[in-house]
Structure formats: C-alpha cells, structure tokens
>>> print(open('data00.json').read())   # JSON, C-alpha atoms
[["chain", "number", "residue", "atom", "x", "y", "z"],
["A", 23, "MET", "CA", 0.00, 0.00, 0.00],
["A", 24, "THR", "CA", 1.48, 3.37, -1.05],
["A", 25, "ALA", "CA", 1.43, 6.50, 1.09],
["A", 26, "ALA", "CA", -1.39, 7.82, -1.07],
["A", 27, "GLN", "CA", -3.51, 4.75, -0.22],
["A", 28, "GLN", "CA", -2.83, 4.57, 3.53],
["A", 29, "PRO", "CA", -5.62, 6.09, 5.68],
["A", 30, "PRO", "CA", -4.20, 9.25, 7.27],
["A", 31, "ASP", "CA", -4.08, 9.85, 11.01],
["A", 32, "LEU", "CA", -3.97, 13.03, 13.07],
["A", 33, "ALA", "CA", -0.20, 13.29, 12.71],
["A", 34, "ASP", "CA", -0.56, 13.29, 8.90],
["A", 35, "ILE", "CA", -3.11, 16.09, 9.08],
["A", 36, "GLU", "CA", -0.97, 18.13, 11.47],
["A", 37, "GLN", "CA", 2.02, 17.68, 9.16],
["A", 38, "ALA", "CA", -0.12, 18.78, 6.21],
["A", 39, "ALA", "CA", -1.11, 21.91, 8.14],
["A", 40, "LYS", "CA", 2.57, 22.83, 8.56],
["A", 41, "ARG", "CA", 3.37, 22.01, 4.94],
["A", 42, "ILE", "CA", 0.64, 24.16, 3.40],
["A", 43, "SER", "CA", 0.42, 26.98, 5.96],
["A", 44, "GLU", "CA", 2.13, 29.59, 3.80],
["A", 45, "TYR", "CA", 0.21, 28.60, 0.67],
["A", 46, "VAL", "CA", -3.43, 28.64, 1.83],
["A", 47, "HIS", "CA", -5.66, 30.96, 3.83],
["A", 48, "ARG", "CA", -6.65, 30.38, 7.43],
["A", 49, "THR", "CA", -10.30, 30.99, 6.62],
["A", 50, "PRO", "CA", -12.64, 32.85, 8.96],
["A", 51, "VAL", "CA", -15.57, 31.51, 10.94],
["A", 52, "LEU", "CA", -18.68, 33.64, 10.48],
["A", 53, "THR", "CA", -21.85, 33.78, 12.56],
["A", 54, "SER", "CA", -25.32, 35.23, 12.09],
["A", 55, "ARG", "CA", -27.81, 35.92, 14.85],
["A", 56, "ARG", "CA", -30.66, 35.70, 12.34],
["A", 57, "LEU", "CA", -29.56, 32.27, 11.10],
["A", 58, "ASP", "CA", -29.17, 31.13, 14.70],
["A", 59, "GLU", "CA", -32.76, 32.19, 15.34],
["A", 60, "LEU", "CA", -34.01, 30.43, 12.21],
["A", 61, "SER", "CA", -32.35, 27.16, 13.16],
["A", 62, "ALA", "CA", -32.75, 27.41, 16.96],
["A", 63, "ALA", "CA", -29.04, 26.55, 17.20],
["A", 64, "GLN", "CA", -25.70, 28.31, 17.46],
["A", 65, "LEU", "CA", -24.10, 28.13, 14.01],
["A", 66, "PHE", "CA", -20.44, 28.65, 13.19],
["A", 67, "PHE", "CA", -19.71, 28.78, 9.44],
["A", 68, "LYS", "CA", -16.17, 27.73, 8.47],
["A", 69, "CYS", "CA", -15.86, 29.70, 5.25],
["A", 70, "GLU", "CA", -13.82, 27.71, 2.77],
["A", 71, "ASN", "CA", -15.63, 29.68, 0.07],
["A", 72, "LEU", "CA", -13.08, 32.36, 1.02],
["A", 73, "GLN", "CA", -10.16, 29.94, 0.55],
["A", 74, "LYS", "CA", -7.68, 30.29, -2.33],
["A", 75, "VAL", "CA", -9.33, 29.19, -5.61],
["A", 76, "GLY", "CA", -12.63, 29.68, -3.76],
["A", 77, "ALA", "CA", -12.80, 26.21, -2.21],
["A", 78, "PHE", "CA", -11.30, 23.85, 0.39],
["A", 79, "LYS", "CA", -9.70, 21.94, -2.48],
["A", 80, "ALA", "CA", -6.67, 24.27, -2.26],
["A", 81, "ARG", "CA", -5.69, 22.47, 0.94],
["A", 82, "GLY", "CA", -5.58, 18.92, -0.38],
["A", 83, "ALA", "CA", -4.08, 19.78, -3.75],
["A", 84, "SER", "CA", -1.35, 21.88, -2.15],
["A", 85, "ASN", "CA", -0.45, 19.13, 0.29],
["A", 86, "ALA", "CA", -0.31, 16.52, -2.47],
["A", 87, "VAL", "CA", 1.87, 18.60, -4.79],
["A", 88, "LEU", "CA", 4.21, 19.73, -2.02],
["A", 89, "SER", "CA", 4.56, 16.09, -0.90],
["A", 90, "LEU", "CA", 5.99, 15.00, -4.27],
["A", 91, "SER", "CA", 9.67, 14.33, -4.64],
["A", 92, "ALA", "CA", 11.54, 16.22, -7.33],
["A", 93, "THR", "CA", 11.54, 13.08, -9.50],
["A", 94, "GLU", "CA", 7.80, 12.54, -9.08],
["A", 95, "ALA", "CA", 7.02, 16.19, -9.80],
["A", 96, "ALA", "CA", 9.18, 16.44, -12.91],
["A", 97, "SER", "CA", 6.52, 15.08, -15.29],
["A", 98, "GLY", "CA", 3.76, 17.18, -13.78],
["A", 99, "VAL", "CA", 0.43, 16.18, -12.29],
["A", 100, "ALA", "CA", -2.94, 15.14, -13.66],
["A", 101, "THR", "CA", -6.47, 14.60, -12.40],
["A", 102, "HIS", "CA", -10.13, 14.68, -13.34],
["A", 103, "SER", "CA", -12.37, 17.32, -11.83],
["A", 104, "SER", "CA", -15.66, 19.16, -12.27],
["A", 105, "GLY", "CA", -13.81, 22.33, -11.35],
["A", 106, "ASN", "CA", -12.61, 23.15, -7.86],
["A", 107, "HIS", "CA", -10.01, 20.39, -7.47],
["A", 108, "GLY", "CA", -8.80, 21.07, -11.01],
["A", 109, "ALA", "CA", -8.26, 24.74, -10.23],
["A", 110, "ALA", "CA", -6.58, 23.91, -6.93],
["A", 111, "LEU", "CA", -4.21, 21.39, -8.52],
["A", 112, "ALA", "CA", -3.43, 23.77, -11.38],
["A", 113, "MET", "CA", -2.62, 26.53, -8.86],
["A", 114, "ALA", "CA", -0.39, 24.25, -6.79],
["A", 115, "ALA", "CA", 1.40, 22.97, -9.90],
["A", 116, "GLN", "CA", 1.94, 26.47, -11.25],
["A", 117, "ARG", "CA", 3.41, 27.51, -7.92],
["A", 118, "ARG", "CA", 5.85, 24.59, -8.05],
["A", 119, "GLY", "CA", 6.62, 25.21, -11.73],
["A", 120, "ILE", "CA", 5.35, 21.90, -13.09],
["A", 121, "PRO", "CA", 2.69, 21.05, -15.73],
["A", 122, "ALA", "CA", -0.90, 20.20, -14.82],
["A", 123, "HIS", "CA", -3.37, 18.24, -16.97],
["A", 124, "ILE", "CA", -7.04, 18.43, -15.97],
["A", 125, "VAL", "CA", -9.78, 16.21, -17.41],
["A", 126, "MET", "CA", -13.09, 18.09, -17.11],
["A", 127, "PRO", "CA", -16.69, 17.18, -18.02],
["A", 128, "SER", "CA", -18.08, 19.19, -20.91],
["A", 129, "ASN", "CA", -20.92, 20.49, -18.74],
["A", 130, "ALA", "CA", -18.67, 21.89, -16.01],
["A", 131, "PRO", "CA", -19.57, 25.53, -15.19],
["A", 132, "ALA", "CA", -17.78, 27.99, -17.45],
["A", 133, "VAL", "CA", -16.47, 29.89, -14.43],
["A", 134, "LYS", "CA", -14.74, 26.74, -13.17],
["A", 135, "LYS", "CA", -13.18, 25.98, -16.58],
["A", 136, "ALA", "CA", -11.92, 29.55, -16.72],
["A", 137, "ALA", "CA", -10.38, 29.23, -13.27],
["A", 138, "VAL", "CA", -8.48, 26.06, -14.25],
["A", 139, "ALA", "CA", -7.24, 27.70, -17.45],
["A", 140, "SER", "CA", -6.12, 30.82, -15.59],
["A", 141, "TYR", "CA", -3.46, 28.79, -13.78],
["A", 142, "GLY", "CA", -1.99, 27.53, -17.05],
["A", 143, "ALA", "CA", -3.29, 23.97, -16.92],
["A", 144, "VAL", "CA", -4.05, 21.88, -20.00],
["A", 145, "ILE", "CA", -7.79, 21.08, -20.02],
["A", 146, "VAL", "CA", -9.14, 17.96, -21.72],
["A", 147, "GLU", "CA", -12.94, 18.02, -22.03],
["A", 148, "VAL", "CA", -14.92, 14.76, -22.00],
["A", 149, "GLU", "CA", -18.50, 13.55, -21.81],
["A", 150, "PRO", "CA", -20.03, 14.19, -18.36],
["A", 151, "THR", "CA", -19.78, 10.64, -17.04],
["A", 152, "LEU", "CA", -17.42, 9.20, -14.45],
["A", 153, "ALA", "CA", -16.40, 6.46, -16.89],
["A", 154, "ALA", "CA", -15.38, 9.04, -19.51],
["A", 155, "ARG", "CA", -13.45, 11.06, -16.94],
["A", 156, "GLU", "CA", -11.56, 8.10, -15.53],
["A", 157, "GLY", "CA", -10.90, 6.50, -18.92],
["A", 158, "THR", "CA", -9.51, 9.68, -20.43],
["A", 159, "LEU", "CA", -7.40, 10.34, -17.35],
["A", 160, "ALA", "CA", -5.87, 6.85, -17.56],
["A", 161, "GLU", "CA", -4.87, 7.49, -21.18],
["A", 162, "LEU", "CA", -3.48, 10.91, -20.27],
["A", 163, "LEU", "CA", -1.33, 9.47, -17.49],
["A", 164, "LYS", "CA", 0.20, 6.97, -19.93],
["A", 165, "GLU", "CA", 0.86, 9.66, -22.55],
["A", 166, "THR", "CA", 2.39, 12.27, -20.25],
["A", 167, "GLY", "CA", 3.90, 10.27, -17.40],
["A", 168, "ALA", "CA", 2.25, 12.77, -15.08],
["A", 169, "HIS", "CA", 1.70, 11.94, -11.43],
["A", 170, "LEU", "CA", -1.93, 11.23, -10.49],
["A", 171, "VAL", "CA", -3.43, 13.42, -7.79],
["A", 172, "HIS", "CA", -6.91, 11.99, -7.35],
["A", 173, "PRO", "CA", -9.52, 14.57, -6.34],
["A", 174, "TYR", "CA", -10.51, 12.70, -3.19],
["A", 175, "ASN", "CA", -9.33, 9.06, -3.04],
["A", 176, "ASP", "CA", -5.80, 10.01, -1.97],
["A", 177, "ALA", "CA", -4.45, 10.14, 1.59],
["A", 178, "ARG", "CA", -2.37, 13.26, 0.87],
["A", 179, "VAL", "CA", -5.49, 15.05, -0.36],
["A", 180, "ILE", "CA", -7.54, 13.79, 2.59],
["A", 181, "SER", "CA", -4.88, 15.01, 5.03],
["A", 182, "GLY", "CA", -4.88, 18.44, 3.43],
["A", 183, "GLN", "CA", -8.66, 18.70, 3.61],
["A", 184, "GLY", "CA", -8.56, 17.65, 7.25],
["A", 185, "THR", "CA", -6.68, 20.85, 8.12],
["A", 186, "THR", "CA", -10.05, 22.59, 7.77],
["A", 187, "ALA", "CA", -11.15, 20.90, 11.00],
["A", 188, "LEU", "CA", -7.90, 21.64, 12.82],
["A", 189, "GLU", "CA", -8.55, 25.32, 12.26],
["A", 190, "LEU", "CA", -12.25, 25.13, 13.09],
["A", 191, "LEU", "CA", -11.66, 23.45, 16.45],
["A", 192, "GLU", "CA", -9.00, 26.05, 17.29],
["A", 193, "GLN", "CA", -11.36, 28.88, 16.34],
["A", 194, "VAL", "CA", -14.52, 27.65, 18.08],
["A", 195, "ALA", "CA", -14.61, 25.94, 21.47],
["A", 196, "ASN", "CA", -17.13, 23.39, 22.73],
["A", 197, "LEU", "CA", -18.75, 22.37, 19.46],
["A", 198, "ASP", "CA", -21.39, 19.66, 19.70],
["A", 199, "VAL", "CA", -21.44, 18.70, 16.03],
["A", 200, "VAL", "CA", -19.59, 19.41, 12.77],
["A", 201, "VAL", "CA", -21.58, 19.30, 9.52],
["A", 202, "VAL", "CA", -19.78, 18.56, 6.25],
["A", 203, "PRO", "CA", -20.94, 18.15, 2.62],
["A", 204, "VAL", "CA", -20.03, 14.88, 0.92],
["A", 205, "GLY", "CA", -19.37, 14.03, -2.72],
["A", 206, "GLY", "CA", -16.22, 12.00, -3.28],
["A", 207, "GLY", "CA", -15.60, 12.09, 0.46],
["A", 208, "GLY", "CA", -12.14, 13.65, 0.72],
["A", 209, "LEU", "CA", -13.26, 16.61, 2.81],
["A", 210, "LEU", "CA", -15.53, 14.48, 4.98],
["A", 211, "ALA", "CA", -12.88, 11.82, 5.60],
["A", 212, "GLY", "CA", -10.26, 14.42, 6.52],
["A", 213, "VAL", "CA", -12.54, 16.46, 8.75],
["A", 214, "ALA", "CA", -13.96, 13.38, 10.49],
["A", 215, "THR", "CA", -10.45, 12.05, 11.17],
["A", 216, "ALA", "CA", -9.29, 15.32, 12.71],
["A", 217, "VAL", "CA", -12.47, 15.83, 14.75],
["A", 218, "LYS", "CA", -12.69, 12.30, 16.15],
["A", 219, "CYS", "CA", -8.98, 12.22, 17.00],
["A", 220, "LEU", "CA", -9.10, 15.57, 18.79],
["A", 221, "ASP", "CA", -12.52, 15.23, 20.45],
["A", 222, "PRO", "CA", -14.43, 11.95, 19.96],
["A", 223, "GLY", "CA", -17.46, 13.47, 21.67],
["A", 224, "ILE", "CA", -18.15, 15.81, 18.76],
["A", 225, "GLU", "CA", -20.69, 14.36, 16.33],
["A", 226, "VAL", "CA", -19.73, 14.37, 12.65],
["A", 227, "VAL", "CA", -22.72, 14.67, 10.31],
["A", 228, "ALA", "CA", -22.42, 14.52, 6.52],
["A", 229, "VAL", "CA", -24.98, 16.02, 4.15],
["A", 230, "GLU", "CA", -25.56, 14.97, 0.55],
["A", 231, "PRO", "CA", -28.00, 16.08, -2.19],
["A", 232, "ALA", "CA", -30.97, 13.72, -2.48],
["A", 233, "GLY", "CA", -30.34, 13.57, -6.22],
["A", 234, "ALA", "CA", -26.78, 12.26, -5.74],
["A", 235, "ASP", "CA", -27.09, 10.08, -2.66],
["A", 236, "ASP", "CA", -24.55, 7.30, -3.16],
["A", 237, "ALA", "CA", -22.78, 8.11, 0.13],
["A", 238, "PHE", "CA", -26.09, 7.99, 2.01],
["A", 239, "ARG", "CA", -26.97, 4.62, 0.46],
["A", 240, "SER", "CA", -23.47, 3.22, 0.91],
["A", 241, "PHE", "CA", -23.39, 4.25, 4.56],
["A", 242, "GLY", "CA", -26.77, 2.66, 5.21],
["A", 243, "LEU", "CA", -25.95, -0.61, 3.44],
["A", 244, "GLY", "CA", -22.41, -0.91, 4.71],
["A", 245, "GLU", "CA", -21.00, -1.40, 1.22],
["A", 246, "LEU", "CA", -19.89, 0.96, -1.51],
["A", 247, "VAL", "CA", -22.72, 1.80, -3.93],
["A", 248, "PRO", "CA", -21.65, 3.54, -7.18],
["A", 249, "GLN", "CA", -23.15, 6.85, -8.18],
["A", 250, "THR", "CA", -25.64, 6.47, -11.05],
["A", 251, "ARG", "CA", -27.25, 9.32, -12.98],
["A", 252, "PRO", "CA", -26.82, 12.03, -10.34],
["A", 253, "ASN", "CA", -29.20, 14.96, -10.72],
["A", 254, "THR", "CA", -28.56, 17.98, -8.51],
["A", 255, "ILE", "CA", -27.60, 21.63, -8.78],
["A", 256, "ALA", "CA", -24.68, 20.85, -6.43],
["A", 257, "ASP", "CA", -22.26, 20.17, -9.31],
["A", 258, "GLY", "CA", -19.29, 19.65, -7.02],
["A", 259, "LEU", "CA", -20.97, 16.61, -5.41],
["A", 260, "LEU", "CA", -21.81, 14.55, -8.50],
["A", 261, "THR", "CA", -19.00, 12.02, -8.23],
["A", 262, "SER", "CA", -18.96, 8.61, -6.57],
["A", 263, "LEU", "CA", -17.62, 8.10, -3.06],
["A", 264, "GLY", "CA", -14.00, 6.92, -3.02],
["A", 265, "GLU", "CA", -13.02, 3.55, -1.54],
["A", 266, "LEU", "CA", -10.40, 4.93, 0.84],
["A", 267, "ASN", "CA", -12.79, 7.67, 1.90],
["A", 268, "PHE", "CA", -15.64, 5.24, 2.50],
["A", 269, "ALA", "CA", -13.53, 3.12, 4.83],
["A", 270, "ILE", "CA", -12.71, 6.21, 6.90],
["A", 271, "ILE", "CA", -16.30, 7.45, 6.82],
["A", 272, "GLN", "CA", -17.63, 4.11, 8.07],
["A", 273, "GLN", "CA", -15.30, 4.34, 11.03],
["A", 274, "ARG", "CA", -15.51, 8.03, 11.93],
["A", 275, "VAL", "CA", -18.79, 9.57, 10.67],
["A", 276, "ASP", "CA", -21.91, 9.39, 12.84],
["A", 277, "THR", "CA", -24.58, 9.81, 10.17],
["A", 278, "ILE", "CA", -25.31, 11.02, 6.64],
["A", 279, "LEU", "CA", -28.39, 13.11, 5.81],
["A", 280, "THR", "CA", -29.86, 14.08, 2.44],
["A", 281, "VAL", "CA", -31.43, 17.35, 1.27],
["A", 282, "PRO", "CA", -33.50, 18.30, -1.79],
["A", 283, "ASP", "CA", -32.24, 20.91, -4.24],
["A", 284, "GLU", "CA", -34.97, 23.31, -3.09],
["A", 285, "GLN", "CA", -33.46, 23.39, 0.38],
["A", 286, "ILE", "CA", -29.97, 23.89, -1.06],
["A", 287, "VAL", "CA", -31.22, 26.97, -2.91],
["A", 288, "GLN", "CA", -32.87, 28.28, 0.25],
["A", 289, "ALA", "CA", -29.63, 27.79, 2.18],
["A", 290, "MET", "CA", -27.70, 29.65, -0.54],
["A", 291, "ARG", "CA", -30.15, 32.54, -0.40],
["A", 292, "LEU", "CA", -29.87, 32.85, 3.36],
["A", 293, "GLN", "CA", -26.08, 32.74, 3.31],
["A", 294, "TRP", "CA", -25.94, 35.32, 0.54],
["A", 295, "THR", "CA", -28.45, 37.69, 2.10],
["A", 296, "ARG", "CA", -27.81, 37.24, 5.84],
["A", 297, "MET", "CA", -24.07, 36.54, 5.95],
["A", 298, "LYS", "CA", -23.29, 38.54, 2.80],
["A", 299, "THR", "CA", -21.04, 35.78, 1.51],
["A", 300, "LEU", "CA", -20.91, 34.13, -1.90],
["A", 301, "VAL", "CA", -21.65, 30.39, -1.61],
["A", 302, "GLU", "CA", -22.05, 27.85, -4.42],
["A", 303, "PRO", "CA", -24.72, 25.11, -4.27],
["A", 304, "SER", "CA", -22.25, 22.46, -3.10],
["A", 305, "GLY", "CA", -21.03, 24.84, -0.41],
["A", 306, "ALA", "CA", -24.56, 25.42, 0.86],
["A", 307, "VAL", "CA", -25.38, 21.73, 1.28],
["A", 308, "SER", "CA", -24.15, 21.49, 4.87],
["A", 309, "PHE", "CA", -26.31, 24.43, 6.02],
["A", 310, "ALA", "CA", -29.19, 22.99, 4.00],
["A", 311, "GLY", "CA", -28.89, 19.87, 6.14],
["A", 312, "VAL", "CA", -29.42, 21.95, 9.29],
["A", 313, "LEU", "CA", -32.48, 23.60, 7.75],
["A", 314, "GLU", "CA", -33.92, 20.30, 6.49],
["A", 315, "HIS", "CA", -33.38, 18.37, 9.71],
["A", 316, "PRO", "CA", -33.76, 21.00, 12.46],
["A", 317, "GLU", "CA", -34.54, 18.53, 15.24],
["A", 318, "ARG", "CA", -31.01, 17.08, 15.04],
["A", 319, "PHE", "CA", -29.35, 20.44, 15.68],
["A", 320, "ARG", "CA", -31.72, 22.37, 17.93],
["A", 321, "ASN", "CA", -29.99, 24.04, 20.91],
["A", 322, "ARG", "CA", -26.58, 22.72, 19.84],
["A", 323, "ARG", "CA", -23.30, 24.41, 18.90],
["A", 324, "VAL", "CA", -22.89, 23.51, 15.24],
["A", 325, "GLY", "CA", -19.79, 23.92, 13.09],
["A", 326, "ILE", "CA", -20.79, 24.14, 9.41],
["A", 327, "VAL", "CA", -18.17, 23.65, 6.70],
["A", 328, "VAL", "CA", -18.94, 25.91, 3.73],
["A", 329, "SER", "CA", -16.93, 24.09, 1.09],
["A", 330, "GLY", "CA", -16.82, 26.55, -1.82],
["A", 331, "GLY", "CA", -18.03, 29.68, -3.54],
["A", 332, "ASN", "CA", -17.45, 29.19, -7.28],
["A", 333, "LEU", "CA", -20.48, 29.46, -9.52],
["A", 334, "ASP", "CA", -21.69, 31.04, -12.73],
["A", 335, "LEU", "CA", -23.30, 34.37, -11.84],
["A", 336, "ASP", "CA", -25.16, 34.31, -15.18],
["A", 337, "ALA", "CA", -26.90, 31.06, -14.24],
["A", 338, "LEU", "CA", -28.03, 31.43, -10.65],
["A", 339, "PRO", "CA", -30.64, 28.92, -9.38],
["A", 340, "TRP", "CA", -33.22, 31.58, -8.57]]
>>> encode(input="data00.json", output="structure tokens")
Amino acid sequence: MTAAQQPPDLADIEQAAKRISEYVHRTPVLTSRRLDELSAAQLFFKCENLQKVGAFKARGASNAVLSLSATEAASGVATHSSGNHGAALAMAAQRRGIPAHIVMPSNAPAVKKAAVASYGAVIVEVEPTLAAREGTLAELLKETGAHLVHPYNDARVISGQGTTALELLEQVANLDVVVVPVGGGGLLAGVATAVKCLDPGIEVVAVEPAGADDAFRSFGLGELVPQTRPNTIADGLLTSLGELNFAIIQQRVDTILTVPDEQIVQAMRLQWTRMKTLVEPSGAVSFAGVLEHPERFRNRRVGIVVSGGNLDLDALPW
C-alpha cells in the first residue's frame, strides 16, 4: 500500500497543516444571529468559500503537490475534476513550476473551466460521465507520465482537507457537532479524522444532495454503492464516493443526511443575504442539512463547513 492509499491519522493532518500553511488561507468563521434564530441553534460557518481558488480543495491539492519528490514532480500532475479540485491542482502545480493536466466534463460551469485555465493547466474536455473522466485520465497518465493526484481518493489530499477541521476546532470551542458536505468524500474523511482524534465526543454529520445520494446509500448498506445518474444543482458533489474515503467514513462519521435541491437553494439565499457571503450550491449543502433536519441540531453548537463559492453568476438557481 502506497502512502497515497494509507488512511491518514492526526499526525498526517498536522504535518499537512505545517506544509501548506504559507500557501493557503486560514479561513474565517462567520456567525449570524438571524440564522441562529431560524435554526434554533448556534451556528459557526467555516468559510472555505473564502479559501484560495474559492474552495477547500486548495488544501488537499497543495499538500499533495508539495509532498511529491523532485523526481515525481518532474513530469507534472494530472487529475479529473468538475472544477474546484482542477483549479486547486493547477494553482499548486503552477506555484511549483510543473505542468498540470485536468480532465473536465463538458458540462462543467464555465467559471470553473476559466479558473483552471487561468493557472496555465491543459484542459481535456470529456462527456459528463465518471467512466469518460476516468478512462480519459488513464490514457493521459500513460501519454504524459504525469503523477496522479486523485480529487478525493488520496491520503495526501484527505490530510490536506482535514486541516479545515484543525482550524475550526482552534477557532470555536465546545462544538457539539460538525456538519460537512459529501461528494467524493475527501473533505468528509479528513474532517472526520481530525475531529474524532481531537474530540471523539463531537458528532460528525455529513450532508448529501438527495439527487446524488450514493454516500447515504453506501453508509446505510455498509457497502460501496456507485453513483448512477446524479441529478442535482450541487455540481461539485456529482462524483462517486472513493473507496479509501468510505472506509474512513464508516469508522468516523456518525450519520449522513440528504437534502432536496430546493433546500440547497434556500440555504444559498440565506447565506448570501444574511451573511453577505458568496456560496455555491455544493457549499450550501451542509447548512441545507441543518435547515432540512432542524430537530437534530436544535440548541446545539454547530460547526458548518462551507466548502466553496465558485459558480456562474449568469446562471443562478433563482
């Protein structure tokens, strides 16, 4: 088992925090009295929408690229991504002076394609299916010799994402629960590892769109269920849960909830209008879970990971 396949522990996440500290933002935690009143809970929003490249993905990609030896880095890096991980990897590669190749679905938001291109990466567009993304990436790796940095099924990426929780627990004391969106599971696996290692009494709750609920079904069945025909406005959460991530999630996550797109839009609206912060649909999913399942969070201190803020302002969902 390679280092990229070995489940990370707290020491890995703490090392990642040191490695990436000068390359990423320590993002703020925002609060809103009005949103507290609406939810009957105390909410603390960890704003990764204000992270570099506009998403938590900067953490994992930076840790992965900075972890490469000079020999490994020489041929560049490659991945598949609907946008945020691609931009993050392209940024990290540009900073290290190596090439980046990003396989992207043809229906990825234009703003996310533009972000990837702005960091000098080579974009290869494919049909919007996981099979097309993975097949094209495999061919690209053979052609270029580039080093694979998987968007979520990679321990180095998971460790980087887990630094989000290290910061959150330093910034807010006495949390009862941390709420995290889940797609491929890299953020959730990293956050859950950090939280449960530092304070096992804190509940870790994942939230997933009802139209892309493979993590919810996998968690309930106890076996990995592939994503099939996902249909949600949360474009960053369309992918299937990774195997390494699922193993960690089974061990460290307390529950997974689902939310309809209508609630995701409502959560976006409230975060835009009440907190005055730009949040994309995927980034609003965790708060949507609090709104959709209020009984789980009432009268509790709730850390909410806002995963990103990249979206097409010419195609808003309202």
>>> closest_residue(input="data00.json", among="A:Leu279, A:Leu163, A:Ala177, A:Ala256", to="Arg318 of chain A", atoms="all atoms listed in the file")
A:Leu279
>>> closest_residue(input="data00.json", among="A:Val327, A:Ile42, A:Ala160, A:Ile278", to="Arg239 of chain A", atoms="all atoms listed in the file")
A:Ile278
>>> closest_residue(input="data00.json", among="A:Ala92, A:Val133, A:Val125, A:Tyr45", to="Met113 of chain A", atoms="all atoms listed in the file")
A:Tyr45
>>> closest_residue(input="data00.json", among="A:Val144, A:Leu300, A:Ala109, A:Val194", to="Arg323 of chain A", atoms="only C-alpha atoms")
A:Val194
>>> residues_around(input="data00.json", residues="Thr186 of chain A", least_positions_apart="5", cutoff="9 Å", atoms="all atoms listed in the file", output="PyMOL selection string")
chain A and resi 39+48-49+68+70+78+81+191+209+212-213+216+327
>>> atom_distance(input="data00.json", atom1="atom CA of Gln27 of chain A", atom2="atom CA of Asp176 of chain A")
6.0 Å
>>> atom_distance(input="data00.json", atom1="atom CA of Gly331 of chain A", atom2="atom CA of Leu72 of chain A")
7.2 Å
>>> closest_residue(input="data00.json", among="A:Gly233, A:Pro127, A:Gly244, A:Gly258", to="Ala153 of chain A", atoms="only C-alpha atoms")
A:Pro127
>>> closest_residue(input="data00.json", among="A:Val199, A:Leu32, A:Leu263, A:Ala228", to="Val275 of chain A", atoms="only C-alpha atoms")
A:Ala228
>>> residues_around(input="data00.json", residues="Arg55 of chain A", least_positions_apart="2", cutoff="12 Å", atoms="all atoms listed in the file", output="VMD selection string")
chain A and resid 52 to 53 57 to 66 296 to 297
>>> atom_distance(input="data00.json", atom1="atom CA of His107 of chain A", atom2="atom CA of Gly184 of chain A")
15.0 Å
>>> residues_around(input="data00.json", residues="Leu220 of chain A", least_positions_apart="4", cutoff="12 Å", atoms="all atoms listed in the file", output="NGL selection string")
:A and (31-33 or 35-36 or 184 or 187-192 or 196-197 or 213-216 or 224-225)
>>> residues_around(input="data00.json", residues="Ile326 of chain A", least_positions_apart="4", cutoff="10 Å", atoms="all atoms listed in the file", output="list in words")
Val51, Leu52, Leu65, Phe66, Phe67, Lys68, Cys69, Leu190, Val199, Val200, Val201, Val202, Pro203, Val227, Gly305, Ala306, Val307, Ser308, Phe309, Gly311 and Val312 of chain A
